[in-house]
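> Enclosed is the structure file data14.pdb (PDB, N, CA and C atoms, pLDDT in the B column).
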ATOM      1  N   MET O   1      17.492  25.280   5.624  1.00 47.00           N
ATOM      2  CA  MET O   1      16.358  26.134   5.305  1.00 47.00           C
ATOM      3  C   MET O   1      15.433  26.188   6.514  1.00 47.00           C
ATOM      4  N   THR O   2      15.154  27.366   7.005  1.00 52.00           N
ATOM      5  CA  THR O   2      14.280  27.546   8.150  1.00 52.00           C
ATOM      6  C   THR O   2      12.936  28.056   7.664  1.00 52.00           C
ATOM      7  N   THR O   3      11.882  27.371   8.065  1.00 49.00           N
ATOM      8  CA  THR O   3      10.543  27.815   7.694  1.00 49.00           C
ATOM      9  C   THR O   3       9.753  28.107   8.952  1.00 49.00           C
ATOM     10  N   THR O   4       8.817  29.008   8.831  1.00 56.00           N
ATOM     11  CA  THR O   4       7.992  29.338   9.975  1.00 56.00           C
ATOM     12  C   THR O   4       6.938  28.274  10.166  1.00 56.00           C
ATOM     13  N   PRO O   5       6.560  28.012  11.400  1.00 67.00           N
ATOM     14  CA  PRO O   5       5.472  27.058  11.630  1.00 67.00           C
ATOM     15  C   PRO O   5       4.178  27.502  10.942  1.00 67.00           C
ATOM     16  N   GLN O   6       4.016  28.823  10.785  1.00 73.00           N
ATOM     17  CA  GLN O   6       2.810  29.324  10.131  1.00 73.00           C
ATOM     18  C   GLN O   6       2.746  28.862   8.678  1.00 73.00           C
ATOM     19  N   LEU O   7       3.855  28.923   7.978  1.00 80.00           N
ATOM     20  CA  LEU O   7       3.875  28.499   6.580  1.00 80.00           C
ATOM     21  C   LEU O   7       3.605  27.001   6.486  1.00 80.00           C
ATOM     22  N   GLN O   8       4.191  26.236   7.362  1.00 80.00           N
ATOM     23  CA  GLN O   8       3.951  24.800   7.378  1.00 80.00           C
ATOM     24  C   GLN O   8       2.489  24.505   7.684  1.00 80.00           C
ATOM     25  N   THR O   9       1.908  25.250   8.588  1.00 81.00           N
ATOM     26  CA  THR O   9       0.503  25.065   8.943  1.00 81.00           C
ATOM     27  C   THR O   9      -0.415  25.419   7.777  1.00 81.00           C
ATOM     28  N   ILE O  10      -0.112  26.494   7.092  1.00 81.00           N
ATOM     29  CA  ILE O  10      -0.932  26.919   5.951  1.00 81.00           C
ATOM     30  C   ILE O  10      -0.915  25.859   4.854  1.00 81.00           C
ATOM     31  N   LEU O  11       0.245  25.282   4.592  1.00 84.00           N
ATOM     32  CA  LEU O  11       0.377  24.309   3.505  1.00 84.00           C
ATOM     33  C   LEU O  11      -0.006  22.890   3.907  1.00 84.00           C
ATOM     34  N   LYS O  12      -0.189  22.637   5.178  1.00 85.00           N
ATOM     35  CA  LYS O  12      -0.409  21.282   5.693  1.00 85.00           C
ATOM     36  C   LYS O  12      -1.527  20.531   4.972  1.00 85.00           C
ATOM     37  N   ASP O  13      -2.678  21.112   4.836  1.00 87.00           N
ATOM     38  CA  ASP O  13      -3.829  20.434   4.240  1.00 87.00           C
ATOM     39  C   ASP O  13      -4.064  20.824   2.783  1.00 87.00           C
ATOM     40  N   SER O  14      -3.005  21.281   2.113  1.00 89.00           N
ATOM     41  CA  SER O  14      -3.152  21.695   0.716  1.00 89.00           C
ATOM     42  C   SER O  14      -2.409  20.726  -0.195  1.00 89.00           C
ATOM     43  N   ALA O  15      -2.512  20.961  -1.460  1.00 90.00           N
ATOM     44  CA  ALA O  15      -1.820  20.127  -2.448  1.00 90.00           C
ATOM     45  C   ALA O  15      -0.359  20.538  -2.597  1.00 90.00           C
ATOM     46  N   TYR O  16       0.072  21.572  -1.872  1.00 86.00           N
ATOM     47  CA  TYR O  16       1.432  22.079  -1.986  1.00 86.00           C
ATOM     48  C   TYR O  16       2.310  21.533  -0.864  1.00 86.00           C
ATOM     49  N   LYS O  17       3.580  21.364  -1.160  1.00 85.00           N
ATOM     50  CA  LYS O  17       4.571  20.953  -0.176  1.00 85.00           C
ATOM     51  C   LYS O  17       5.750  21.913  -0.272  1.00 85.00           C
ATOM     52  N   LEU O  18       6.452  22.089   0.823  1.00 83.00           N
ATOM     53  CA  LEU O  18       7.577  23.025   0.826  1.00 83.00           C
ATOM     54  C   LEU O  18       8.655  22.618  -0.170  1.00 83.00           C
ATOM     55  N   THR O  19       8.758  21.335  -0.475  1.00 86.00           N
ATOM     56  CA  THR O  19       9.777  20.871  -1.416  1.00 86.00           C
ATOM     57  C   THR O  19       9.498  21.338  -2.843  1.00 86.00           C
ATOM     58  N   GLN O  20       8.296  21.816  -3.111  1.00 89.00           N
ATOM     59  CA  GLN O  20       7.952  22.308  -4.441  1.00 89.00           C
ATOM     60  C   GLN O  20       8.525  23.695  -4.701  1.00 89.00           C
ATOM     61  N   PHE O  21       8.968  24.374  -3.650  1.00 86.00           N
ATOM     62  CA  PHE O  21       9.399  25.753  -3.760  1.00 86.00           C
ATOM     63  C   PHE O  21      10.899  25.876  -3.532  1.00 86.00           C
ATOM     64  N   SER O  22      11.514  26.807  -4.218  1.00 90.00           N
ATOM     65  CA  SER O  22      12.930  27.101  -3.988  1.00 90.00           C
ATOM     66  C   SER O  22      13.048  27.895  -2.685  1.00 90.00           C
ATOM     67  N   PRO O  23      14.242  27.936  -2.097  1.00 87.00           N
ATOM     68  CA  PRO O  23      14.419  28.739  -0.880  1.00 87.00           C
ATOM     69  C   PRO O  23      14.009  30.204  -1.059  1.00 87.00           C
ATOM     70  N   ALA O  24      14.275  30.770  -2.213  1.00 91.00           N
ATOM     71  CA  ALA O  24      13.880  32.162  -2.470  1.00 91.00           C
ATOM     72  C   ALA O  24      12.361  32.307  -2.495  1.00 91.00           C
ATOM     73  N   GLN O  25      11.678  31.343  -3.095  1.00 88.00           N
ATOM     74  CA  GLN O  25      10.218  31.382  -3.131  1.00 88.00           C
ATOM     75  C   GLN O  25       9.629  31.213  -1.732  1.00 88.00           C
ATOM     76  N   ILE O  26      10.225  30.343  -0.931  1.00 85.00           N
ATOM     77  CA  ILE O  26       9.757  30.143   0.442  1.00 85.00           C
ATOM     78  C   ILE O  26       9.928  31.429   1.237  1.00 85.00           C
ATOM     79  N   GLN O  27      11.060  32.091   1.068  1.00 86.00           N
ATOM     80  CA  GLN O  27      11.294  33.354   1.775  1.00 86.00           C
ATOM     81  C   GLN O  27      10.261  34.400   1.363  1.00 86.00           C
ATOM     82  N   THR O  28       9.949  34.468   0.076  1.00 88.00           N
ATOM     83  CA  THR O  28       8.935  35.405  -0.407  1.00 88.00           C
ATOM     84  C   THR O  28       7.570  35.089   0.198  1.00 88.00           C
ATOM     85  N   LEU O  29       7.222  33.810   0.245  1.00 84.00           N
ATOM     86  CA  LEU O  29       5.953  33.408   0.860  1.00 84.00           C
ATOM     87  C   LEU O  29       5.910  33.781   2.336  1.00 84.00           C
ATOM     88  N   GLU O  30       6.990  33.486   3.057  1.00 83.00           N
ATOM     89  CA  GLU O  30       7.040  33.819   4.478  1.00 83.00           C
ATOM     90  C   GLU O  30       6.894  35.316   4.703  1.00 83.00           C
ATOM     91  N   ASN O  31       7.516  36.101   3.860  1.00 85.00           N
ATOM     92  CA  ASN O  31       7.455  37.561   4.004  1.00 85.00           C
ATOM     93  C   ASN O  31       6.087  38.123   3.655  1.00 85.00           C
ATOM     94  N   SER O  32       5.285  37.374   2.908  1.00 84.00           N
ATOM     95  CA  SER O  32       3.983  37.887   2.489  1.00 84.00           C
ATOM     96  C   SER O  32       2.832  37.423   3.383  1.00 84.00           C
ATOM     97  N   ILE O  33       3.124  36.607   4.390  1.00 80.00           N
ATOM     98  CA  ILE O  33       2.074  36.154   5.304  1.00 80.00           C
ATOM     99  C   ILE O  33       1.637  37.328   6.170  1.00 80.00           C
ATOM    100  N   ILE O  34       0.354  37.560   6.200  1.00 78.00           N
ATOM    101  CA  ILE O  34      -0.232  38.630   6.994  1.00 78.00           C
ATOM    102  C   ILE O  34      -1.053  37.975   8.101  1.00 78.00           C
ATOM    103  N   ILE O  35      -0.809  38.397   9.335  1.00 77.00           N
ATOM    104  CA  ILE O  35      -1.539  37.868  10.487  1.00 77.00           C
ATOM    105  C   ILE O  35      -2.627  38.864  10.862  1.00 77.00           C
ATOM    106  N   LYS O  36      -3.854  38.389  10.946  1.00 79.00           N
ATOM    107  CA  LYS O  36      -4.978  39.239  11.331  1.00 79.00           C
ATOM    108  C   LYS O  36      -5.597  38.688  12.615  1.00 79.00           C
ATOM    109  N   GLN O  37      -6.165  39.572  13.396  1.00 82.00           N
ATOM    110  CA  GLN O  37      -6.885  39.164  14.591  1.00 82.00           C
ATOM    111  C   GLN O  37      -8.342  38.915  14.219  1.00 82.00           C
ATOM    112  N   LEU O  38      -8.780  37.687  14.342  1.00 79.00           N
ATOM    113  CA  LEU O  38     -10.172  37.332  14.084  1.00 79.00           C
ATOM    114  C   LEU O  38     -10.723  36.631  15.314  1.00 79.00           C
ATOM    115  N   ARG O  39     -11.754  37.207  15.899  1.00 81.00           N
ATOM    116  CA  ARG O  39     -12.363  36.629  17.090  1.00 81.00           C
ATOM    117  C   ARG O  39     -11.322  36.340  18.172  1.00 81.00           C
ATOM    118  N   ASP O  40     -10.481  37.302  18.433  1.00 83.00           N
ATOM    119  CA  ASP O  40      -9.437  37.228  19.454  1.00 83.00           C
ATOM    120  C   ASP O  40      -8.412  36.141  19.199  1.00 83.00           C
ATOM    121  N   LYS O  41      -8.214  35.762  17.945  1.00 78.00           N
ATOM    122  CA  LYS O  41      -7.235  34.735  17.590  1.00 78.00           C
ATOM    123  C   LYS O  41      -6.410  35.242  16.409  1.00 78.00           C
ATOM    124  N   ALA O  42      -5.097  35.085  16.497  1.00 74.00           N
ATOM    125  CA  ALA O  42      -4.217  35.466  15.385  1.00 74.00           C
ATOM    126  C   ALA O  42      -4.364  34.447  14.269  1.00 74.00           C
ATOM    127  N   THR O  43      -4.725  34.904  13.074  1.00 70.00           N
ATOM    128  CA  THR O  43      -4.990  34.028  11.953  1.00 70.00           C
ATOM    129  C   THR O  43      -4.205  34.496  10.731  1.00 70.00           C
ATOM    130  N   PRO O  44      -3.419  33.571  10.125  1.00 64.00           N
ATOM    131  CA  PRO O  44      -2.681  33.962   8.911  1.00 64.00           C
ATOM    132  C   PRO O  44      -3.612  34.116   7.727  1.00 64.00           C
TER
END
Write out the structure in this file as structure tokens.

Amino acid sequence: MTTTPQLQTILKDSAYKLTQFSPAQIQTLENSIIIKQLRDKATP
């Protein structure tokens, strides 16, 4: 299972862990991450 560093970063300080999600759910989460430019920095 390959996860994006962004997804790992988003979940790092939360109560959620990647092991709580099925591979299909992880793929859905990865596909729904939106990156915005805030103060010249890419932010999920």
> Would you mind listing what lies within 10 Å of O:Thr43 as a list in words, with only C-alpha atoms counted and same-chain residues fewer than 5 positions away left out?
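Here the answer would be Gln6, Ile33, Ile34, Ile35, Lys36, Gln37 and Leu38 of chain O.
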> What does the distance from atom CA of O:Ala15 to atom C of O:Leu29 come to in Å, to one decimal?
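Computing the Euclidean distance for atom CA of O:Ala15 and atom C of O:Leu29 yields 16.4 Å.
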> Run DSSP on the backbone and give me the residues of chain O it puts in strand (DSSP E or B), as a PyMOL selection string.
chain O and resi 36-38+41-43
> Report the residues of chain O whose backbone DSSP state falls under helix (DSSP H, G or I), written as a PyMOL selection string.
chain O and resi 5-12+18-20+23-32
> Padding 5 Å on every side, please: axis-aligned box over the listed atoms of stretch 26-39 of chain O, centre and edge lengths to one decimal in Å, as AutoDock Vina command-line options.

--center_x -0.5 --center_y 34.9 --center_z 8.6 --size_x 33.7 --size_y 19.4 --size_z 29.1
> Work out how far atom CA of O:Thr9 is from atom CA of O:Glu30, in Å to one decimal.
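Those two atoms sit 11.8 Å apart.
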> Work out how far atom CA of O:Lys12 is from atom C of O:Asp40, in Å to one decimal.
21.6 Å
> Need to verify the contact set: O:Ser32, 12 Å, only C-alpha atoms, exclusion of same-chain residues closer than 6 positions in sequence. Can you return it as a compact mmCIF listing (two decimals) with N, CA and C atoms, in the frame of the given file?

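result_13.txt written:
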# COMPACT_ATOMS: atom_id res chain seq x y z
N GLN O 6 4.02 28.82 10.78
CA GLN O 6 2.81 29.32 10.13
C GLN O 6 2.75 28.86 8.68
N LEU O 7 3.86 28.92 7.98
CA LEU O 7 3.88 28.50 6.58
C LEU O 7 3.60 27.00 6.49
N GLN O 25 11.68 31.34 -3.10
CA GLN O 25 10.22 31.38 -3.13
C GLN O 25 9.63 31.21 -1.73
N ILE O 26 10.22 30.34 -0.93
CA ILE O 26 9.76 30.14 0.44
C ILE O 26 9.93 31.43 1.24
N PRO O 44 -3.42 33.57 10.12
CA PRO O 44 -2.68 33.96 8.91
C PRO O 44 -3.61 34.12 7.73
